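Heads up, data_8.tsv below (TSV, N, CA, C and O atoms and all ligand atoms):
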```
chain	number	residue	atom	x	y	z
A	1	MET	N	146.78	115.63	70.22
A	1	MET	CA	146.23	114.41	70.83
A	1	MET	C	147.09	114.03	72.03
A	1	MET	O	148.30	113.92	71.89
A	2	PRO	N	146.47	113.86	73.17
A	2	PRO	CA	147.28	113.54	74.34
A	2	PRO	C	147.80	112.11	74.30
A	2	PRO	O	147.17	111.23	73.72
A	3	THR	N	148.91	111.90	74.92
A	3	THR	CA	149.48	110.56	75.01
A	3	THR	C	149.29	110.05	76.43
A	3	THR	O	149.57	110.75	77.40
A	4	TYR	N	148.73	108.86	76.51
A	4	TYR	CA	148.52	108.25	77.81
A	4	TYR	C	149.46	107.07	77.97
A	4	TYR	O	149.78	106.39	77.00
A	5	SER	N	149.85	106.85	79.20
A	5	SER	CA	150.69	105.70	79.49
A	5	SER	C	149.87	104.67	80.25
A	5	SER	O	149.18	105.01	81.20
A	6	TYR	N	149.95	103.44	79.80
A	6	TYR	CA	149.21	102.36	80.42
A	6	TYR	C	150.18	101.28	80.86
A	6	TYR	O	151.24	101.11	80.27
A	7	ILE	N	149.76	100.54	81.89
A	7	ILE	CA	150.56	99.42	82.35
A	7	ILE	C	149.61	98.33	82.81
A	7	ILE	O	148.48	98.62	83.26
A	8	ALA	N	150.06	97.08	82.69
A	8	ALA	CA	149.21	95.95	83.07
A	8	ALA	C	148.88	96.01	84.55
A	8	ALA	O	149.72	96.36	85.38
A	9	GLU	N	147.64	95.67	84.87
A	9	GLU	CA	147.26	95.65	86.28
A	9	GLU	C	147.98	94.52	87.00
A	9	GLU	O	148.36	94.65	88.16
A	10	ASN	N	148.16	93.44	86.31
A	10	ASN	CA	148.93	92.32	86.85
A	10	ASN	C	150.11	92.07	85.92
A	10	ASN	O	149.97	91.36	84.93
A	11	PRO	N	151.22	92.67	86.23
A	11	PRO	CA	152.36	92.58	85.29
A	11	PRO	C	152.77	91.14	84.97
A	11	PRO	O	153.27	90.88	83.89
A	12	GLU	N	152.49	90.20	85.88
A	12	GLU	CA	152.87	88.80	85.59
A	12	GLU	C	152.01	88.23	84.47
A	12	GLU	O	152.42	87.31	83.75
A	13	GLU	N	150.80	88.75	84.34
A	13	GLU	CA	149.88	88.21	83.34
A	13	GLU	C	149.99	88.91	81.99
A	13	GLU	O	149.56	88.36	80.98
A	14	GLY	N	150.52	90.08	82.01
A	14	GLY	CA	150.51	90.86	80.78
A	14	GLY	C	151.51	90.38	79.76
A	14	GLY	O	152.37	89.55	80.04
A	15	CYS	N	151.39	90.91	78.55
A	15	CYS	CA	152.34	90.59	77.50
A	15	CYS	C	153.56	91.50	77.64
A	15	CYS	O	153.62	92.35	78.53
A	16	LEU	N	154.49	91.32	76.74
A	16	LEU	CA	155.72	92.10	76.82
A	16	LEU	C	155.47	93.61	76.81
A	16	LEU	O	156.17	94.36	77.48
A	17	ARG	N	154.47	94.01	76.04
A	17	ARG	CA	154.20	95.43	75.92
A	17	ARG	C	153.64	96.03	77.21
A	17	ARG	O	154.16	96.99	77.74
A	18	CYS	N	152.57	95.41	77.72
A	18	CYS	CA	151.88	96.05	78.83
A	18	CYS	C	152.55	95.73	80.17
A	18	CYS	O	152.33	96.44	81.14
A	19	ARG	N	153.36	94.71	80.20
A	19	ARG	CA	154.06	94.39	81.44
A	19	ARG	C	154.97	95.54	81.85
A	19	ARG	O	155.10	95.86	83.02
A	20	ARG	N	155.58	96.13	80.85
A	20	ARG	CA	156.51	97.22	81.13
A	20	ARG	C	155.88	98.59	80.90
A	20	ARG	O	156.53	99.62	81.10
A	21	GLY	N	154.66	98.58	80.46
A	21	GLY	CA	153.98	99.84	80.22
A	21	GLY	C	154.18	100.31	78.79
A	21	GLY	O	155.19	100.02	78.16
A	22	PHE	N	153.18	100.99	78.25
A	22	PHE	CA	153.27	101.50	76.89
A	22	PHE	C	152.52	102.81	76.80
A	22	PHE	O	151.65	103.12	77.62
A	23	ASP	N	152.87	103.58	75.81
A	23	ASP	CA	152.21	104.87	75.57
A	23	ASP	C	151.24	104.73	74.41
A	23	ASP	O	151.51	104.02	73.47
A	24	LEU	N	150.14	105.40	74.54
A	24	LEU	CA	149.14	105.34	73.49
A	24	LEU	C	148.57	106.74	73.27
A	24	LEU	O	148.17	107.40	74.22
A	25	ARG	N	148.54	107.13	72.02
A	25	ARG	CA	147.90	108.40	71.68
A	25	ARG	C	146.43	108.14	71.45
A	25	ARG	O	146.07	107.23	70.72
A	26	ARG	N	145.62	108.92	72.13
A	26	ARG	CA	144.18	108.69	72.04
A	26	ARG	C	143.47	110.04	72.07
A	26	ARG	O	143.85	110.92	72.82
A	27	PRO	N	142.44	110.15	71.26
A	27	PRO	CA	141.67	111.40	71.35
A	27	PRO	C	141.03	111.53	72.73
A	27	PRO	O	140.66	110.54	73.35
A	28	MET	N	140.91	112.79	73.17
A	28	MET	CA	140.37	113.08	74.50
A	28	MET	C	138.98	112.50	74.71
A	28	MET	O	138.62	112.10	75.81
A	29	ASP	N	138.17	112.49	73.65
A	29	ASP	CA	136.76	112.10	73.83
A	29	ASP	C	136.58	110.59	73.79
A	29	ASP	O	135.45	110.09	73.92
A	30	ARG	N	137.66	109.84	73.61
A	30	ARG	CA	137.52	108.39	73.59
A	30	ARG	C	137.55	107.84	75.01
A	30	ARG	O	138.12	108.44	75.92
A	31	GLU	N	136.90	106.70	75.16
A	31	GLU	CA	136.90	106.02	76.45
A	31	GLU	C	138.33	105.67	76.83
A	31	GLU	O	139.12	105.30	75.96
A	32	PRO	N	138.66	105.75	78.11
A	32	PRO	CA	140.00	105.34	78.49
A	32	PRO	C	140.19	103.85	78.24
A	32	PRO	O	139.25	103.05	78.37
A	33	LEU	N	141.38	103.51	77.86
A	33	LEU	CA	141.70	102.12	77.55
A	33	LEU	C	141.66	101.30	78.84
A	33	LEU	O	142.19	101.71	79.87
A	34	THR	N	140.99	100.16	78.79
A	34	THR	CA	140.92	99.32	79.99
A	34	THR	C	141.62	98.00	79.78
A	34	THR	O	141.91	97.30	80.75
A	35	HIS	N	141.85	97.65	78.52
A	35	HIS	CA	142.49	96.37	78.24
A	35	HIS	C	143.61	96.56	77.23
A	35	HIS	O	143.50	97.39	76.32
A	36	CYS	N	144.64	95.79	77.40
A	36	CYS	CA	145.77	95.85	76.48
A	36	CYS	C	145.30	95.48	75.08
A	36	CYS	O	144.61	94.47	74.90
A	37	PRO	N	145.63	96.27	74.07
A	37	PRO	CA	145.18	95.94	72.71
A	37	PRO	C	145.86	94.69	72.17
A	37	PRO	O	145.38	94.12	71.18
A	38	LEU	N	146.91	94.24	72.78
A	38	LEU	CA	147.61	93.05	72.27
A	38	LEU	C	147.16	91.78	72.96
A	38	LEU	O	146.82	90.79	72.31
A	39	CYS	N	147.15	91.79	74.29
A	39	CYS	CA	146.84	90.54	74.98
A	39	CYS	C	145.48	90.57	75.68
A	39	CYS	O	145.05	89.58	76.24
A	40	ARG	N	144.81	91.75	75.65
A	40	ARG	CA	143.46	91.88	76.22
A	40	ARG	C	143.42	91.73	77.74
A	40	ARG	O	142.36	91.53	78.30
A	41	LYS	N	144.55	91.82	78.39
A	41	LYS	CA	144.55	91.80	79.85
A	41	LYS	C	144.25	93.21	80.36
A	41	LYS	O	144.50	94.20	79.66
A	42	PRO	N	143.68	93.31	81.57
A	42	PRO	CA	143.35	94.64	82.08
A	42	PRO	C	144.60	95.51	82.26
A	42	PRO	O	145.63	95.04	82.74
A	43	VAL	N	144.46	96.74	81.85
A	43	VAL	CA	145.54	97.70	82.04
A	43	VAL	C	145.00	98.91	82.79
A	43	VAL	O	143.79	99.17	82.80
A	44	LYS	N	145.89	99.62	83.42
A	44	LYS	CA	145.49	100.86	84.09
A	44	LYS	C	146.34	101.99	83.59
A	44	LYS	O	147.47	101.80	83.12
A	45	LYS	N	145.77	103.17	83.71
A	45	LYS	CA	146.48	104.35	83.26
A	45	LYS	C	147.58	104.68	84.27
A	45	LYS	O	147.36	104.64	85.48
A	46	MET	N	148.74	104.96	83.75
A	46	MET	CA	149.85	105.34	84.62
A	46	MET	C	149.84	106.84	84.81
A	46	MET	O	149.56	107.59	83.88
A	47	VAL	N	150.18	107.23	85.99
A	47	VAL	CA	150.33	108.66	86.24
A	47	VAL	C	151.76	109.03	85.89
A	47	VAL	O	152.71	108.55	86.50
A	48	THR	N	151.88	109.82	84.86
A	48	THR	CA	153.22	110.19	84.42
A	48	THR	C	153.60	111.54	85.01
A	48	THR	O	152.75	112.38	85.29
A	49	GLY	N	154.86	111.71	85.20
A	49	GLY	CA	155.34	112.97	85.76
A	49	GLY	C	155.11	114.12	84.80
A	49	GLY	O	155.24	113.97	83.60
A	50	PHE	N	154.75	115.23	85.34
A	50	PHE	CA	154.56	116.40	84.52
A	50	PHE	C	155.90	117.10	84.30
A	50	PHE	O	156.77	117.06	85.17
A	51	SER	N	156.04	117.69	83.15
A	51	SER	CA	157.32	118.30	82.83
A	51	SER	C	157.46	119.72	83.38
A	51	SER	O	158.47	120.35	83.21
A	52	THR	N	156.40	120.18	84.05
A	52	THR	CA	156.50	121.53	84.60
A	52	THR	C	157.43	121.52	85.82
A	52	THR	O	157.36	120.62	86.64
A	53	PRO	N	158.27	122.50	85.94
A	53	PRO	CA	159.19	122.51	87.07
A	53	PRO	C	158.46	122.70	88.39
A	53	PRO	O	157.38	123.31	88.44
A	54	LYS	N	158.99	122.15	89.44
A	54	LYS	CA	158.32	122.20	90.74
A	54	LYS	C	158.36	123.60	91.34
A	54	LYS	O	157.54	123.95	92.15
A	55	TYR	N	159.34	124.36	90.97
A	55	TYR	CA	159.40	125.72	91.49
A	55	TYR	C	159.96	126.62	90.42
A	55	TYR	O	160.64	126.16	89.50
A	56	THR	N	159.66	127.87	90.53
A	56	THR	CA	160.22	128.82	89.58
A	56	THR	C	161.44	129.48	90.20
A	56	THR	O	161.46	129.78	91.39
A	57	LYS	N	162.41	129.66	89.38
A	57	LYS	CA	163.66	130.26	89.86
A	57	LYS	C	163.39	131.69	90.28
A	57	LYS	O	162.74	132.43	89.55
A	58	PRO	N	163.86	132.08	91.44
A	58	PRO	CA	163.65	133.48	91.82
A	58	PRO	C	164.37	134.41	90.87
A	58	PRO	O	165.48	134.15	90.44
A	59	VAL	N	163.68	135.48	90.53
A	59	VAL	CA	164.26	136.43	89.58
A	59	VAL	C	165.12	137.41	90.36
A	59	VAL	O	164.68	137.99	91.35
A	60	SER	N	166.33	137.56	89.94
A	60	SER	CA	167.21	138.51	90.62
A	60	SER	C	166.88	139.94	90.17
A	60	SER	O	166.24	140.15	89.14
A	61	VAL	N	167.31	140.89	90.95
A	61	VAL	CA	167.01	142.29	90.64
A	61	VAL	C	167.56	142.66	89.27
A	61	VAL	O	166.88	143.29	88.46
A	62	SER	N	168.78	142.22	88.98
A	62	SER	CA	169.37	142.60	87.70
A	62	SER	C	168.62	141.94	86.54
A	62	SER	O	168.44	142.55	85.49
A	63	ASP	N	168.18	140.72	86.73
A	63	ASP	CA	167.41	140.06	85.68
A	63	ASP	C	166.10	140.78	85.43
A	63	ASP	O	165.69	140.98	84.29
A	64	ALA	N	165.45	141.17	86.52
A	64	ALA	CA	164.17	141.86	86.40
A	64	ALA	C	164.36	143.20	85.70
A	64	ALA	O	163.55	143.60	84.88
A	65	LYS	N	165.45	143.88	86.04
A	65	LYS	CA	165.72	145.18	85.39
A	65	LYS	C	165.95	144.99	83.91
A	65	LYS	O	165.47	145.76	83.09
A	66	LYS	N	166.69	143.94	83.57
A	66	LYS	CA	166.96	143.66	82.16
A	66	LYS	C	165.66	143.39	81.42
A	66	LYS	O	165.52	143.75	80.27
A	67	ALA	N	164.73	142.77	82.12
A	67	ALA	CA	163.45	142.46	81.51
A	67	ALA	C	162.53	143.67	81.47
A	67	ALA	O	161.41	143.59	81.01
A	68	GLY	N	162.99	144.79	81.99
A	68	GLY	CA	162.23	146.03	81.90
A	68	GLY	C	161.38	146.34	83.11
A	68	GLY	O	160.59	147.26	83.09
A	69	PHE	N	161.56	145.59	84.19
A	69	PHE	CA	160.80	145.87	85.39
A	69	PHE	C	161.48	146.96	86.21
A	69	PHE	O	162.69	147.11	86.18
A	70	THR	N	160.69	147.69	86.94
A	70	THR	CA	161.24	148.66	87.87
A	70	THR	C	161.15	148.05	89.26
A	70	THR	O	160.09	147.63	89.70
A	71	ILE	N	162.28	147.95	89.90
A	71	ILE	CA	162.32	147.34	91.22
A	71	ILE	C	162.23	148.42	92.27
A	71	ILE	O	162.99	149.38	92.28
A	72	LEU	N	161.27	148.25	93.13
A	72	LEU	CA	161.11	149.20	94.23
A	72	LEU	C	161.42	148.49	95.53
A	72	LEU	O	160.94	147.39	95.78
A	73	GLU	N	162.23	149.10	96.34
A	73	GLU	CA	162.57	148.50	97.61
A	73	GLU	C	162.04	149.39	98.71
A	73	GLU	O	162.25	150.60	98.70
A	74	LYS	N	161.34	148.77	99.62
A	74	LYS	CA	160.76	149.53	100.72
A	74	LYS	C	161.87	149.91	101.70
A	74	LYS	O	162.62	149.07	102.16
A	75	ARG	N	161.97	151.17	101.97
A	75	ARG	CA	162.99	151.62	102.91
A	75	ARG	C	162.39	151.71	104.30
A	75	ARG	O	161.18	151.72	104.48
A	76	CYS	N	163.28	151.83	105.29
A	76	CYS	CA	162.81	151.76	106.67
A	76	CYS	C	161.95	152.97	107.04
A	76	CYS	O	161.17	152.90	107.98
A	77	ASP	N	162.08	154.07	106.27
A	77	ASP	CA	161.24	155.23	106.59
A	77	ASP	C	159.87	155.14	105.92
A	77	ASP	O	159.08	156.08	105.97
A	78	GLY	N	159.60	154.03	105.28
A	78	GLY	CA	158.28	153.83	104.71
A	78	GLY	C	158.17	154.25	103.26
A	78	GLY	O	157.16	154.00	102.62
A	79	ASN	N	159.20	154.87	102.73
A	79	ASN	CA	159.15	155.26	101.33
A	79	ASN	C	159.76	154.16	100.46
A	79	ASN	O	160.50	153.32	100.95
A	80	TYR	N	159.45	154.24	99.21
A	80	TYR	CA	160.00	153.26	98.28
A	80	TYR	C	161.15	153.89	97.50
A	80	TYR	O	161.04	155.02	97.02
A	81	GLU	N	162.21	153.18	97.42
A	81	GLU	CA	163.35	153.68	96.68
A	81	GLU	C	163.45	152.94	95.37
A	81	GLU	O	163.39	151.72	95.33
A	82	LYS	N	163.61	153.71	94.31
A	82	LYS	CA	163.74	153.09	92.99
A	82	LYS	C	165.18	152.62	92.83
A	82	LYS	O	166.11	153.41	93.00
A	83	LEU	N	165.34	151.37	92.53
A	83	LEU	CA	166.70	150.82	92.40
A	83	LEU	C	167.18	150.99	90.96
A	83	LEU	O	166.42	150.85	90.04
B	1	ZN	ZN	149.40	93.15	76.93
```
Could you express the structure from this file as structure tokens?
Amino acid sequence: MPTYSYIAENPEEGCLRCRRGFDLRRPMDREPLTHCPLCRKPVKKMVTGFSTPKYTKPVSVSDAKKAGFTILEKRCDGNYEKL
């Protein structure tokens, strides 16, 4: 079940929970929450950061070799040399 983060649309009007934002587990097929379950003020879904890294670490030749890859390097004469 995905967890959604909600925050009050007007933080001054919201209760303690929605003023600072709260997480709610909700089934995917349910309507998105529009009002705080505690104070009934309008809330909006927060965009939370994804935990996926922004870039993948470049794999070094030795790491790739350890992982069983064969590294081929193009040589200036057009042939590939097996490292
Ligand atoms: Zn509230």
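Residues of segment 3-81 of chain A that DSSP places in helix (DSSP H, G or I), based on the backbone of this structure, are Leu16, Arg17, Cys18, Arg19, Val61, Ser62, Asp63, Ala64, Lys65 and Lys66 of chain A.
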As a ChimeraX atom specification, which residues of chain A does DSSP assign to strand (DSSP E)?
/A:3-8,22-25,43-46,72-74,80-82
Surrounding residues as a list in words, ligand ZN 1 (chain B), max 7 Å, only N, CA, C and O atoms and all ligand atoms
Ala8, Glu13, Gly14, Cys15, Leu16, Arg17, Cys18, Arg19, His35, Cys36, Pro37, Leu38, Cys39, Arg40 and Lys41 of chain A
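We find atom C of Met28 of chain A and atom O of Pro11 of chain A to be spaced 27.5 Å apart.
Proximity of A:Glu73, A:Asp29, A:Glu9, A:Asp63 to Lys45 of chain A, computed with all atoms listed in the file, is greatest for A:Glu9.
Going from atom CA of Met1 of chain A to atom O of Arg20 of chain A covers 20.7 Å.
Considering the residues A:Met46, A:Ala64, A:Val59, A:Leu72 and counting only C-alpha atoms, Ile7 of chain A has its shortest atom-to-atom contact with A:Met46.
For the atom pair formed by atom CA of Thr3 of chain A and atom CA of Leu24 of chain A, the distance is 5.4 Å, given to one decimal.
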